[in-house]
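Peer 1: Take a look at this one; I'll ask things after.
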Amino acid sequence: MCAAFATLGRLLGSGRGRYGVLLAAAIGAAVWIAWLVSLATGPGLLDRAGNVKGGDFVLFYAAGKIVAAHQTDHLYDPDLQEQIEHGLTGERSGRHGLINPPFFALPFVPLAALPYLAAFALWSALGIALLMGTLRLVGRLDAAPWVLAFVPVWAAISYGQNSLLSLFILAAVYVLLRHGHDRIAGAVLGCLLYKPQLVVLLAALLLLDRRWRALAGLGATAVLLAAVALALSVPATLAYLALGRSFATMLGERGFPTAKMHSLYSFFVLLLPGHLSAAAALALVSSLAVLALVRLRQPPYAADTLDRWYAAAIWGTVLVSPHVPLYDLSLLVLPALLVRPGTQDEATWRGGIAAVWAATILSQPLAELTRAAGGPSLQLSVPAIAAAGYCLLGTSRPPGGSSESQKAHARAPDGKAGQRT
């Protein structure tokens, strides 16, 4: 597989391969243009296809309305959410309601005071700003056109989702860790607990590498956010915890858009329809294998090896998280940019990135078509992401020296030698 990525990368770097690069740029631009035209020509809150502008943003907007109306106890009441959404859009959406903790509704209270379209426009502008902030943090503003052409990034904006906020938080944590500010990094990582599945693996890896100050910062933020949630509403907090127990089976529910999920768990749910227990068992075994590979691919924790250490952590997080919609694949932007400076084989990097880029475009429509036929579905994006990460993390090295000498002499941000338990 790695050889295939290298071959594809060399082809894309050749004269003829540049047509493929131009085609990719054209597809990326066409997706954005088509969406903007649909927004501009659609009536009212609906786009030209008849869908609500912002899609998922209406869930956050409704949550802000509920808190602003002092009805926080009913934040997870699907009937109330449906009533508010119907009042906004005039349609019965049938969407799942808010699945984030109660504290995540707070940022949307001021947005809910605005008309819906103004709130969505402001949220979209914030998403673009956070994306540019991420690229600036990792020193790759020049990559902006290609990052915008990555379909999951477009999906995060067009659906009105929070993935680019998640991406920015993870980038900020990386920069803080690199500069030795472990406690602040942990506190910032805690801000991502509105999607706790994205925090678990990184926290476990920090624990294995004894980053106690980072874990202390994470714990402090977790306690603070729990206190905020309880202060907002004890019934809502309990309702969220009860909702959390349904997450494990949600992907197997009839009508749930499982074909839009891109995790190991959803991969096996689609591959084995009607056999949720078997899918869960295979997902568990493969997730453990991914965790082992993450640990094997990670160098000892140190300032000059942190690029690869962190890239492996985010790659593993995307794969083992049970709930990974298309827009959350935008998190892959971070490991893709972090491993490039130290890669030993530019062609393999280019080919791996191209394979993931293509898979995120083609995989979901193919999975939806085959699922509609009632048989097994193959979510191609998952093996593509797994294979690309395995190859790119295996061929990357810290800049400025050989991997072995770096391991032997690396110094951690706090001045202690990097070590692994």
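In the structure tokens, the first chain shown is A, the next is B, and so on; residue numbers restart at 1 for each chain, and ligands run from 1 in the order shown.
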Please give the complete set of residues from stretch 195-413 of chain A that DSSP, run on the backbone, assigns to strand (DSSP E or B), formatted as a tab-separated table (two decimals) with N, CA and C atoms, in the first residue's frame.
Peer 2:
chain	number	residue	atom	x	y	z
A	261	MET	N	-21.07	8.28	8.54
A	261	MET	CA	-20.06	8.14	9.58
A	261	MET	C	-18.79	7.51	9.00
A	325	PRO	N	-18.65	11.92	11.85
A	325	PRO	CA	-19.29	12.33	10.59
A	325	PRO	C	-18.25	12.91	9.63
A	343	THR	N	8.89	14.39	6.59
A	343	THR	CA	8.73	13.17	5.81
A	343	THR	C	9.99	12.86	5.01
A	396	SER	N	7.84	9.34	8.19
A	396	SER	CA	8.22	10.68	8.64
A	396	SER	C	9.32	10.59	9.68
A	411	ARG	N	15.25	16.31	24.23
A	411	ARG	CA	14.92	16.93	25.50
A	411	ARG	C	13.46	17.34	25.48
Peer 1: Taking only residues of stretch 212-305 of chain A that have an atom at most 12 Å from an atom of stretch 45-66 of chain A, what is each one's shortest atom pair and its distance in Å to one decimal, using only C-alpha atoms, in chain and number order, as a tab-separated table?
Peer 2:
residue	atom	partner	partner_atom	distance
A:Leu232	CA	A:Ile66	CA	11.7
A:Ser233	CA	A:Ile66	CA	12.0
A:Ala236	CA	A:Ile66	CA	11.4
Peer 1: May I have the residues from that selection written out with N, CA and C atoms, as a short mmCIF file (atom, residue, chain, number, x, y, z; two decimals), in the first residue's frame?
Peer 2:
data_model
loop_
_atom_site.label_atom_id
_atom_site.label_comp_id
_atom_site.auth_asym_id
_atom_site.auth_seq_id
_atom_site.Cartn_x
_atom_site.Cartn_y
_atom_site.Cartn_z
N LEU A 232 -26.30 25.20 35.19
CA LEU A 232 -27.31 25.49 34.17
C LEU A 232 -28.60 24.73 34.45
N SER A 233 -28.44 23.41 34.69
CA SER A 233 -29.62 22.59 34.95
C SER A 233 -29.19 21.18 35.34
N ALA A 236 -31.11 18.72 32.99
CA ALA A 236 -30.52 18.65 31.65
C ALA A 236 -29.23 17.84 31.68
#
Peer 1: Could you check which of A:Pro101, A:Leu201, A:Leu208, A:His179 is closest to A:Leu288, using only C-alpha atoms?
Peer 2: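 Of all the options, A:Leu201 lies closest to A:Leu288.
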Peer 1: When DSSP works through the backbone of this structure, what residues of stretch 1-176 of chain A end up as alpha helix (DSSP H), shown as a PyMOL selection string?
Peer 2: chain A and resi 2-13+18-41+57-68+78-89+108-112+116-137+144-148+151-158+163-176
Peer 1: In terms of the shortest atom-to-atom distance over only C-alpha atoms, which of A:Gly374, A:Pro196, A:Gly352, A:Gly180 is closest to A:Tyr390?
Peer 2: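 Of A:Gly374, A:Pro196, A:Gly352, A:Gly180, the one nearest A:Tyr390, counting only C-alpha atoms, is A:Gly352.
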Peer 1: Per residue of stretch 190-271 of chain A within 12 Å of stretch 77-85 of chain A, what are the shortest atom pair and its distance in Å to one decimal, counting only C-alpha atoms, with rows by chain and residue number, as a tab-separated table?
Peer 2:
residue	atom	partner	partner_atom	distance
A:Pro235	CA	A:Asp77	CA	10.9
A:Ala236	CA	A:Asp77	CA	9.1
A:Ala239	CA	A:Asp77	CA	8.8
A:Tyr240	CA	A:Asp77	CA	10.3
A:Leu243	CA	A:Asp77	CA	10.8
Peer 1: For the residues selected in the previous step, produce a file with C-alpha atoms as an mmCIF file, in the first residue's frame.
Peer 2:
data_model
loop_
_atom_site.group_PDB
_atom_site.id
_atom_site.type_symbol
_atom_site.label_atom_id
_atom_site.label_comp_id
_atom_site.auth_asym_id
_atom_site.auth_seq_id
_atom_site.Cartn_x
_atom_site.Cartn_y
_atom_site.Cartn_z
ATOM 1 C CA PRO A 235 -32.183 17.722 34.960
ATOM 2 C CA ALA A 236 -30.516 18.649 31.650
ATOM 3 C CA ALA A 239 -30.679 13.869 30.555
ATOM 4 C CA TYR A 240 -27.371 14.274 28.709
ATOM 5 C CA LEU A 243 -28.510 10.191 26.248
#
Peer 1: For A:Pro102, find every residue with an atom within 12 Å (counting only C-alpha atoms), except residues of its own chain fewer than 4 positions away, and show them as a PyMOL selection string.
Peer 2: chain A and resi 60+63-64+66-67+71-76+98+106-109+193-195+225-241+243
Peer 1: Could you pull the residues within 8 Å of stretch 356-369 of chain A, counting only C-alpha atoms, minus those fewer than 2 positions along the same chain, as a VMD selection string?
Peer 2: chain A and resid 150 to 152 259 to 260 270 326 352 to 354 371 to 373 377 to 381 384 to 385 388
Peer 1: For A:Leu392, which residue among A:Ala6, A:Thr89, A:Leu126, A:Leu164 is the nearest when counting only C-alpha atoms?
Peer 2: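 The answer is A:Ala6, which sits nearest to A:Leu392.
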Peer 1: Skipping near chain neighbours, those fewer than 2 positions away, what residues fall within 10 Å of A:Leu282 using only C-alpha atoms, listed as a list in words?
Peer 2: Leu264, Tyr265, Phe267, Phe268, Val269, Leu276, Ser277, Ala278, Ala279, Ala280, Leu284, Val285, Ser286, Ser287 and Leu288 of chain A
Peer 1: Write to file, as a PDB file, in the first residue's frame, the residues of the selection just made, with N, CA and C atoms.
Peer 2:
ATOM      1  N   LEU A 264     -14.065   3.434  12.606  1.00  0.00           N
ATOM      2  CA  LEU A 264     -13.960   1.981  12.541  1.00  0.00           C
ATOM      3  C   LEU A 264     -15.288   1.319  12.928  1.00  0.00           C
ATOM      4  N   TYR A 265     -15.945   1.880  13.931  1.00  0.00           N
ATOM      5  CA  TYR A 265     -17.215   1.304  14.385  1.00  0.00           C
ATOM      6  C   TYR A 265     -18.265   1.376  13.282  1.00  0.00           C
ATOM      7  N   PHE A 267     -17.726   1.640  10.161  1.00  0.00           N
ATOM      8  CA  PHE A 267     -17.254   0.793   9.054  1.00  0.00           C
ATOM      9  C   PHE A 267     -17.812  -0.617   9.195  1.00  0.00           C
ATOM     10  N   PHE A 268     -17.718  -1.167  10.403  1.00  0.00           N
ATOM     11  CA  PHE A 268     -18.194  -2.536  10.617  1.00  0.00           C
ATOM     12  C   PHE A 268     -19.717  -2.611  10.727  1.00  0.00           C
ATOM     13  N   VAL A 269     -20.358  -1.561  11.240  1.00  0.00           N
ATOM     14  CA  VAL A 269     -21.823  -1.534  11.264  1.00  0.00           C
ATOM     15  C   VAL A 269     -22.371  -1.578   9.843  1.00  0.00           C
ATOM     16  N   LEU A 276     -25.106  -5.908  15.058  1.00  0.00           N
ATOM     17  CA  LEU A 276     -24.466  -4.832  15.802  1.00  0.00           C
ATOM     18  C   LEU A 276     -23.434  -5.349  16.796  1.00  0.00           C
ATOM     19  N   SER A 277     -23.715  -6.451  17.471  1.00  0.00           N
ATOM     20  CA  SER A 277     -22.774  -6.990  18.454  1.00  0.00           C
ATOM     21  C   SER A 277     -21.477  -7.422  17.784  1.00  0.00           C
ATOM     22  N   ALA A 278     -21.582  -8.088  16.640  1.00  0.00           N
ATOM     23  CA  ALA A 278     -20.383  -8.501  15.914  1.00  0.00           C
ATOM     24  C   ALA A 278     -19.603  -7.293  15.416  1.00  0.00           C
ATOM     25  N   ALA A 279     -20.334  -6.284  14.940  1.00  0.00           N
ATOM     26  CA  ALA A 279     -19.672  -5.064  14.481  1.00  0.00           C
ATOM     27  C   ALA A 279     -18.945  -4.374  15.620  1.00  0.00           C
ATOM     28  N   ALA A 280     -19.581  -4.322  16.790  1.00  0.00           N
ATOM     29  CA  ALA A 280     -18.948  -3.693  17.946  1.00  0.00           C
ATOM     30  C   ALA A 280     -17.698  -4.459  18.372  1.00  0.00           C
ATOM     31  N   LEU A 284     -13.936  -3.010  18.334  1.00  0.00           N
ATOM     32  CA  LEU A 284     -13.094  -2.997  19.526  1.00  0.00           C
ATOM     33  C   LEU A 284     -11.726  -3.595  19.241  1.00  0.00           C
ATOM     34  N   VAL A 285     -11.697  -4.731  18.577  1.00  0.00           N
ATOM     35  CA  VAL A 285     -10.414  -5.382  18.270  1.00  0.00           C
ATOM     36  C   VAL A 285      -9.567  -4.504  17.352  1.00  0.00           C
ATOM     37  N   SER A 286     -10.188  -3.944  16.308  1.00  0.00           N
ATOM     38  CA  SER A 286      -9.430  -3.104  15.379  1.00  0.00           C
ATOM     39  C   SER A 286      -8.994  -1.799  16.033  1.00  0.00           C
ATOM     40  N   SER A 287      -9.801  -1.277  16.955  1.00  0.00           N
ATOM     41  CA  SER A 287      -9.412  -0.059  17.671  1.00  0.00           C
ATOM     42  C   SER A 287      -8.196  -0.316  18.553  1.00  0.00           C
ATOM     43  N   LEU A 288      -8.165  -1.472  19.199  1.00  0.00           N
ATOM     44  CA  LEU A 288      -6.995  -1.831  20.010  1.00  0.00           C
ATOM     45  C   LEU A 288      -5.748  -1.965  19.129  1.00  0.00           C
TER      46      LEU A 288
END
Peer 1: Can you work out which one of A:Val290, A:Ala105, A:Val31, A:Val188 has the shortest atom-to-atom distance to A:Ala149, counting only C-alpha atoms?
Peer 2: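 So, comparing all the options, the nearest one is A:Val31.
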Peer 1: Using atom CA of A:His323 and atom CA of A:Ser263 as the two end points, give the distance in Å to one decimal.
Peer 2: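 Atom-to-atom, atom CA of A:His323 and atom CA of A:Ser263 are spaced 6.6 Å apart.
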Peer 1: Find, counting only C-alpha atoms, the residue in A:Tyr327, A:Ser124, A:Ser158, A:Pro322 that gets nearest to A:Met250.
Peer 2: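 Among the listed residues, A:Pro322 lies closest to A:Met250.
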Peer 1: So that I can see what lies close to stretch 215-220 of chain A, please list as a ChimeraX atom specification the residues with an atom at most 12 Å from it, counting only C-alpha atoms and leaving out residues fewer than 5 positions away in the same chain.
Peer 2: /A:173,177,181-193,196,199-200,202-210,225-227
Peer 1: Dump C-alpha atoms for the selected residues as an mmCIF file, in the first residue's frame?
Peer 2:
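New file again.cif:
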data_model
loop_
_atom_site.group_PDB
_atom_site.id
_atom_site.type_symbol
_atom_site.label_atom_id
_atom_site.label_comp_id
_atom_site.auth_asym_id
_atom_site.auth_seq_id
_atom_site.Cartn_x
_atom_site.Cartn_y
_atom_site.Cartn_z
ATOM 1 C CA VAL A 173 -2.934 22.349 22.374
ATOM 2 C CA LEU A 177 2.738 21.564 24.394
ATOM 3 C CA HIS A 181 3.068 25.110 28.607
ATOM 4 C CA ASP A 182 1.642 21.742 29.597
ATOM 5 C CA ARG A 183 -0.832 22.916 32.219
ATOM 6 C CA ILE A 184 -2.374 25.518 29.899
ATOM 7 C CA ALA A 185 -2.390 22.975 27.062
ATOM 8 C CA GLY A 186 -4.349 20.547 29.222
ATOM 9 C CA ALA A 187 -6.807 23.262 30.216
ATOM 10 C CA VAL A 188 -7.362 24.162 26.564
ATOM 11 C CA LEU A 189 -7.787 20.489 25.656
ATOM 12 C CA GLY A 190 -10.550 20.369 28.266
ATOM 13 C CA CYS A 191 -12.483 22.912 26.196
ATOM 14 C CA LEU A 192 -12.937 20.094 23.654
ATOM 15 C CA LEU A 193 -15.042 18.100 26.119
ATOM 16 C CA PRO A 196 -15.411 13.942 24.788
ATOM 17 C CA VAL A 199 -10.237 13.867 24.122
ATOM 18 C CA VAL A 200 -10.014 10.306 25.462
ATOM 19 C CA LEU A 202 -4.996 12.084 23.658
ATOM 20 C CA ALA A 203 -5.514 12.115 27.425
ATOM 21 C CA ALA A 204 -4.510 8.437 27.625
ATOM 22 C CA LEU A 205 -1.338 9.084 25.627
ATOM 23 C CA LEU A 206 -0.434 12.037 27.850
ATOM 24 C CA LEU A 207 -0.925 9.739 30.832
ATOM 25 C CA LEU A 208 1.358 7.087 29.351
ATOM 26 C CA ASP A 209 4.039 9.738 28.818
ATOM 27 C CA ARG A 210 3.550 11.113 32.352
ATOM 28 C CA LEU A 225 -17.384 22.529 32.834
ATOM 29 C CA ALA A 226 -19.199 19.928 34.924
ATOM 30 C CA ALA A 227 -19.976 22.646 37.476
#
